[in-house]
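Notes follow once the structure below has been shown.
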Amino acid sequence: MAPGLCRKSTSSFSLPDKMDKPTIVPELYWNLPGPCDFVTRIEETAASSRLLWINLPIDTLPGTWEGVQRGLRHGHIERIVTLKISGGTDIAADVGVHFGRKHVTAAELILLQADRRSAVILMPDGPSGVENIERYGSTFLRSIGTGDGNVHIVLGVHEESLPRDEREGGVQVITFDGGLSADEMDAYVSLRMLSRPGPGTTRLSRAIVAEFAGFDVELAERIMQMSEPQIVNIIAHLQQLMNDTPSRWRNRSWLMRTCSNAAPEATHVLNDAYMAEHGRPEARDDALNRIRRRYWRACVKTLTPWLEERRLSVIRRFSSQLQREAALNNGKIARPIDQTRVMLMDPDELEYNNIVGMCKLGKLVATTTDEICAEQVCRLAKPVRDDIAHLRMPKPGDVGQLIREMDRLLSS
């Protein structure tokens, strides 16, 4: 028998405090591969399992139980009865009403032949509801094999010790924490922010949302509610994102959706933010480095190609001066390597930092408005590119100023 199926849940977590949360887009989320797979797993086991444990986080995502019902219908369950169960609910009486009886105990339900294949879903309403459901389910479980009824029972539970699907006999545990893979999150955020490129001509905001949301689609929605400057300065706003439930982010737990089977190696950014402030010194450093690495990855994805695509347009603002300099070396630019050696380069191979160096040496002199702006862009691009190249998070202020100056230059 799968561990934990016949015992009271030992989870030490309580229901999270109520807080205002943005609604995810169910029609988008539930068409992604991971959520679709959850529905498919229910479909594939519905007919063969008299008892289904749907093991979910304490705070489930919108559409989860609709997904359960969809999976049951696809699994040829013709009639679905859904009951919300609190600690004081008389489950036998509530079940009996739907089958024309005063009471149907779990032991009687295993024998019941309904007029069509049916399923009874017991959804918990709070921790005491989970306990009530588990008592009814345990009796049903012990009775499996004693009758050939055609009514299945589906229990909604929160069991920390069962983070993966398990099956034994006629019992199936299906675990779903709602997390998305990195590719799924990229797709979700890209579609949600299709009309919100930026800042400027970049797609940096989308990349930051996807990287910092990680596997948590609700966190993605919360970050998307921020303004563009807040998103670009996301690290300064992580405490705000904790809202009024900072204790939720203290531990790694799939029950609290601070980790996920969809990305088993990933940490939740708000768990990292909590640890960066409250953890042991070594844990603080590790957490802060993981936060910064998210920002770095967003910049690698968006700013690296963005800068390269615009490099020639910026450098060619000095075209006439570069041609004169190149004429001294058979069409090449002599770039110093050290005090005695130089490297000959085609003018179009120059990087932003080469322009900065040539201006410093007096080989290029910015005199026109375009040249002055181009030199400024090159000076701003240098530290951002250097940080990215050395696996460091660039400063958000530097990033914002670079984007503004680049767009101003190239739009003139």
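Chain lettering (A, B, ...) mirrors the order of the structure tokens, residue numbering begins at 1 for each chain separately, and ligand numbering begins at 1 in order of display.
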Task: Shell around Asn329 in chain A at 12 Å using only C-alpha atoms, local window under 2 positions removed, as a list in words - done: Leu322, Gln323, Arg324, Glu325, Ala326, Ala327, Gly331, Lys332, Ile333, Ala334, Arg335, Val342, Met343, Leu344, Met345, Asp346 and Pro347 of chain A
Open item on the list: So that I can check the secondary structure, give me every residue of range 141-210 of chain A assigned strand (DSSP E or B) by backbone DSSP, as a ChimeraX atom specification.
Closed with: /A:151-157,166-168,171-175
Output N, CA, C and O atoms of each residue in that selection to a file, as a PDB file, in the first residue's frame.
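Written out: result-v8.pdb:
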```pdb
ATOM      1  N   VAL A 151     -18.941   2.775  -8.817  1.00  0.00           N
ATOM      2  CA  VAL A 151     -18.742   4.143  -8.362  1.00  0.00           C
ATOM      3  C   VAL A 151     -17.297   4.287  -7.881  1.00  0.00           C
ATOM      4  O   VAL A 151     -16.842   3.529  -7.028  1.00  0.00           O
ATOM      5  N   HIS A 152     -16.607   5.261  -8.451  1.00  0.00           N
ATOM      6  CA  HIS A 152     -15.233   5.554  -8.062  1.00  0.00           C
ATOM      7  C   HIS A 152     -15.247   6.724  -7.077  1.00  0.00           C
ATOM      8  O   HIS A 152     -16.163   7.547  -7.093  1.00  0.00           O
ATOM      9  N   ILE A 153     -14.214   6.795  -6.270  1.00  0.00           N
ATOM     10  CA  ILE A 153     -14.118   7.898  -5.324  1.00  0.00           C
ATOM     11  C   ILE A 153     -12.809   8.638  -5.566  1.00  0.00           C
ATOM     12  O   ILE A 153     -11.763   8.024  -5.800  1.00  0.00           O
ATOM     13  N   VAL A 154     -12.899   9.952  -5.572  1.00  0.00           N
ATOM     14  CA  VAL A 154     -11.739  10.818  -5.834  1.00  0.00           C
ATOM     15  C   VAL A 154     -11.564  11.732  -4.622  1.00  0.00           C
ATOM     16  O   VAL A 154     -12.467  12.498  -4.282  1.00  0.00           O
ATOM     17  N   LEU A 155     -10.419  11.628  -3.965  1.00  0.00           N
ATOM     18  CA  LEU A 155     -10.167  12.381  -2.743  1.00  0.00           C
ATOM     19  C   LEU A 155      -9.163  13.489  -3.004  1.00  0.00           C
ATOM     20  O   LEU A 155      -8.093  13.257  -3.567  1.00  0.00           O
ATOM     21  N   GLY A 156      -9.486  14.698  -2.573  1.00  0.00           N
ATOM     22  CA  GLY A 156      -8.527  15.794  -2.612  1.00  0.00           C
ATOM     23  C   GLY A 156      -7.808  15.884  -1.282  1.00  0.00           C
ATOM     24  O   GLY A 156      -8.444  16.045  -0.238  1.00  0.00           O
ATOM     25  N   VAL A 157      -6.480  15.737  -1.317  1.00  0.00           N
ATOM     26  CA  VAL A 157      -5.704  15.725  -0.071  1.00  0.00           C
ATOM     27  C   VAL A 157      -4.447  16.574  -0.243  1.00  0.00           C
ATOM     28  O   VAL A 157      -4.089  16.977  -1.350  1.00  0.00           O
ATOM     29  N   GLU A 166       1.891   7.445  -7.346  1.00  0.00           N
ATOM     30  CA  GLU A 166       2.103   6.075  -6.885  1.00  0.00           C
ATOM     31  C   GLU A 166       0.849   5.267  -7.182  1.00  0.00           C
ATOM     32  O   GLU A 166      -0.255   5.804  -7.248  1.00  0.00           O
ATOM     33  N   ARG A 167       1.043   3.952  -7.359  1.00  0.00           N
ATOM     34  CA  ARG A 167      -0.103   3.083  -7.616  1.00  0.00           C
ATOM     35  C   ARG A 167       0.110   1.736  -6.942  1.00  0.00           C
ATOM     36  O   ARG A 167       1.209   1.188  -6.964  1.00  0.00           O
ATOM     37  N   GLU A 168      -0.968   1.244  -6.327  1.00  0.00           N
ATOM     38  CA  GLU A 168      -0.934  -0.097  -5.761  1.00  0.00           C
ATOM     39  C   GLU A 168      -2.353  -0.646  -5.751  1.00  0.00           C
ATOM     40  O   GLU A 168      -3.258  -0.047  -5.168  1.00  0.00           O
ATOM     41  N   VAL A 171      -5.676   1.473  -6.127  1.00  0.00           N
ATOM     42  CA  VAL A 171      -5.480   2.814  -5.585  1.00  0.00           C
ATOM     43  C   VAL A 171      -4.444   3.548  -6.422  1.00  0.00           C
ATOM     44  O   VAL A 171      -3.369   3.028  -6.713  1.00  0.00           O
ATOM     45  N   GLN A 172      -4.773   4.777  -6.817  1.00  0.00           N
ATOM     46  CA  GLN A 172      -3.849   5.598  -7.593  1.00  0.00           C
ATOM     47  C   GLN A 172      -3.683   6.956  -6.917  1.00  0.00           C
ATOM     48  O   GLN A 172      -4.667   7.637  -6.616  1.00  0.00           O
ATOM     49  N   VAL A 173      -2.435   7.325  -6.662  1.00  0.00           N
ATOM     50  CA  VAL A 173      -2.115   8.668  -6.183  1.00  0.00           C
ATOM     51  C   VAL A 173      -1.629   9.480  -7.377  1.00  0.00           C
ATOM     52  O   VAL A 173      -0.702   9.067  -8.079  1.00  0.00           O
ATOM     53  N   ILE A 174      -2.253  10.614  -7.632  1.00  0.00           N
ATOM     54  CA  ILE A 174      -1.813  11.528  -8.682  1.00  0.00           C
ATOM     55  C   ILE A 174      -1.475  12.853  -8.019  1.00  0.00           C
ATOM     56  O   ILE A 174      -2.333  13.498  -7.411  1.00  0.00           O
ATOM     57  N   THR A 175      -0.207  13.228  -8.117  1.00  0.00           N
ATOM     58  CA  THR A 175       0.280  14.435  -7.463  1.00  0.00           C
ATOM     59  C   THR A 175       0.484  15.535  -8.494  1.00  0.00           C
ATOM     60  O   THR A 175       1.040  15.310  -9.561  1.00  0.00           O
TER      61      THR A 175
END
```
Task: Best match for closeness to Glu27 in chain A among A:Leu180, A:Tyr188, A:His98, A:Pro163, counting only C-alpha atoms - done: A:Tyr188
Using only C-alpha atoms, I'd like a table of the residues in range 209-259 of chain A that come within 6 Å of range 267-278 of chain A; for each, show the closest atom pair and its distance in Å rounded to one decimal, ordered by chain and ascending number, as JSON lines.
```
{"residue": "A:Trp249", "atom": "CA", "partner": "A:Asn271", "partner_atom": "CA", "distance": 4.6}
{"residue": "A:Arg250", "atom": "CA", "partner": "A:Asn271", "partner_atom": "CA", "distance": 5.9}
{"residue": "A:Thr258", "atom": "CA", "partner": "A:His268", "partner_atom": "CA", "distance": 5.3}
```
For the selection you just gave me, I'd like the residues written to a file as an mmCIF file, in the first residue's frame, keeping N, CA, C and O atoms.
```
data_model
loop_
_atom_site.group_PDB
_atom_site.id
_atom_site.type_symbol
_atom_site.label_atom_id
_atom_site.label_comp_id
_atom_site.auth_asym_id
_atom_site.auth_seq_id
_atom_site.Cartn_x
_atom_site.Cartn_y
_atom_site.Cartn_z
ATOM 1 N N TRP A 249 7.390 31.536 2.679
ATOM 2 C CA TRP A 249 8.599 31.395 1.861
ATOM 3 C C TRP A 249 9.796 30.903 2.666
ATOM 4 O O TRP A 249 10.907 30.823 2.143
ATOM 5 N N ARG A 250 9.555 30.501 3.899
ATOM 6 C CA ARG A 250 10.653 30.103 4.786
ATOM 7 C C ARG A 250 11.246 28.755 4.405
ATOM 8 O O ARG A 250 12.445 28.517 4.555
ATOM 9 N N THR A 258 6.635 26.197 -2.978
ATOM 10 C CA THR A 258 7.941 26.847 -3.002
ATOM 11 C C THR A 258 8.997 25.957 -3.644
ATOM 12 O O THR A 258 10.179 26.291 -3.666
#
```
Task: Residues flagged helix (DSSP H, G or I) by DSSP in range 19-202 of chain A, as JSON, numbers by chain - done: {"A": [26, 27, 28, 29, 33, 34, 35, 36, 37, 38, 39, 40, 41, 42, 43, 44, 45, 46, 64, 65, 66, 67, 68, 69, 70, 71, 72, 73, 74, 91, 92, 93, 94, 95, 96, 97, 106, 107, 108, 109, 127, 128, 129, 130, 131, 132, 133, 134, 135, 136, 137, 138, 139, 140, 141, 142, 143, 182, 183, 184, 185, 186, 187, 188, 189, 190, 191, 192]}
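As for CA of Asp387 in chain A and CA of Arg294 in chain A, they are spaced 13.7 Å apart.
By only C-alpha atoms, and with residues fewer than 3 positions from Met226 in chain A along its chain excluded, the set lying at most 12 Å from it is Pro22, Arg196, Ser205, Arg206, Ile208, Val209, Leu219, Ala220, Glu221, Arg222, Ile223, Pro229, Gln230, Ile231, Val232, Asn233, Ile234, His237, Leu238, Gln240 and Leu241 of chain A.
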TODO: Name the closest residue to Arg392 in chain A among the candidates A:Asn289, A:Ser253, A:Thr40, A:Ser118; distances are taken between atoms, counting only C-alpha atoms.
DONE: A:Asn289
Open item on the list: Please list as a list in words every residue within 9 Å of Ala381 in chain A, counting only C-alpha atoms and excluding residues in the same chain fewer than 2 positions away.
Closed with: Leu307, Tyr352, Asn353, Gln376, Val377, Cys378, Arg379, Pro383, Val384, Arg385, Asp386, Asp398, Val399 and Leu402 of chain A
Kindly save the residues from that selection, with C-alpha atoms included, as an mmCIF file, in the first residue's frame.
```cif
data_model
loop_
_atom_site.group_PDB
_atom_site.id
_atom_site.type_symbol
_atom_site.label_atom_id
_atom_site.label_comp_id
_atom_site.auth_asym_id
_atom_site.auth_seq_id
_atom_site.Cartn_x
_atom_site.Cartn_y
_atom_site.Cartn_z
ATOM 1 C CA LEU A 307 23.484 44.876 -28.348
ATOM 2 C CA TYR A 352 31.771 49.011 -28.093
ATOM 3 C CA ASN A 353 34.761 48.963 -25.744
ATOM 4 C CA GLN A 376 28.064 57.759 -24.719
ATOM 5 C CA VAL A 377 26.262 54.578 -25.808
ATOM 6 C CA CYS A 378 29.608 52.764 -26.118
ATOM 7 C CA ARG A 379 30.618 53.928 -22.633
ATOM 8 C CA PRO A 383 30.185 47.832 -18.183
ATOM 9 C CA VAL A 384 26.922 46.069 -19.047
ATOM 10 C CA ARG A 385 28.629 43.788 -21.576
ATOM 11 C CA ASP A 386 31.591 43.222 -19.268
ATOM 12 C CA ASP A 398 23.200 50.994 -15.981
ATOM 13 C CA VAL A 399 20.873 48.776 -17.996
ATOM 14 C CA LEU A 402 21.945 52.151 -21.799
#
```
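Between CA of Thr368 in chain A and CA of Leu303 in chain A the separation is 26.9 Å.
Neighbours of Ser181 in chain A closer than or equal to 12 Å, with only C-alpha atoms counted and sequence neighbours fewer than 5 positions away skipped, come out as Tyr29, Leu32, Pro33, Gly34, Pro35, Asp186, Ala187, Tyr188, Ala210, Glu211, Ala213, Gly214, Phe215, Asp216, Val217, Cys259, Ser260, Asn261, Ala262, Ala263, Pro264, Glu265 and Ala266 of chain A.
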TODO: Between A:Gly170, A:Gly67, A:Gly400, A:Pro57, single out the one closest to Asn31 in chain A, counting only C-alpha atoms.
DONE: A:Gly67
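Every protein, DNA or RNA residue with an atom at most 8 Å from Leu109 in chain A, where only C-alpha atoms count and chain neighbours fewer than 3 positions away do not, is listed here: Val104, Thr105, Ala106, Leu112, Phe140, Gly149 and Val151 of chain A.
CA of Leu72 in chain A is found 5.9 Å from CA of Ala46 in chain A.
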Name the residues in contact with Ile372 in chain A at a cut-off of 12 Å, using only C-alpha atoms, excluding same-chain residues fewer than 3 positions from it; report them as a PDB file with C-alpha atoms, in the first residue's frame.
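Okay, selection23.pdb is ready:
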```pdb
ATOM      1  CA  VAL A 314      26.505  52.645 -33.381  1.00  0.00           C
ATOM      2  CA  ILE A 315      30.100  52.154 -34.513  1.00  0.00           C
ATOM      3  CA  ARG A 317      28.558  56.849 -36.504  1.00  0.00           C
ATOM      4  CA  PHE A 318      32.369  57.198 -36.540  1.00  0.00           C
ATOM      5  CA  ILE A 355      35.425  52.739 -29.489  1.00  0.00           C
ATOM      6  CA  VAL A 356      35.758  53.765 -25.838  1.00  0.00           C
ATOM      7  CA  CYS A 359      38.306  57.875 -27.876  1.00  0.00           C
ATOM      8  CA  LEU A 364      38.570  59.153 -32.333  1.00  0.00           C
ATOM      9  CA  VAL A 365      37.119  62.516 -31.370  1.00  0.00           C
ATOM     10  CA  ALA A 366      33.368  62.920 -30.921  1.00  0.00           C
ATOM     11  CA  THR A 367      32.394  66.257 -32.417  1.00  0.00           C
ATOM     12  CA  THR A 368      28.962  65.853 -34.015  1.00  0.00           C
ATOM     13  CA  THR A 369      25.820  65.210 -32.016  1.00  0.00           C
ATOM     14  CA  GLU A 375      30.424  57.531 -27.692  1.00  0.00           C
ATOM     15  CA  GLN A 376      28.064  57.759 -24.719  1.00  0.00           C
ATOM     16  CA  VAL A 377      26.262  54.578 -25.808  1.00  0.00           C
ATOM     17  CA  CYS A 378      29.608  52.764 -26.118  1.00  0.00           C
ATOM     18  CA  ARG A 379      30.618  53.928 -22.633  1.00  0.00           C
ATOM     19  CA  GLU A 405      20.495  56.240 -24.828  1.00  0.00           C
ATOM     20  CA  LEU A 409      20.606  57.459 -30.828  1.00  0.00           C
TER      21      LEU A 409
END
```
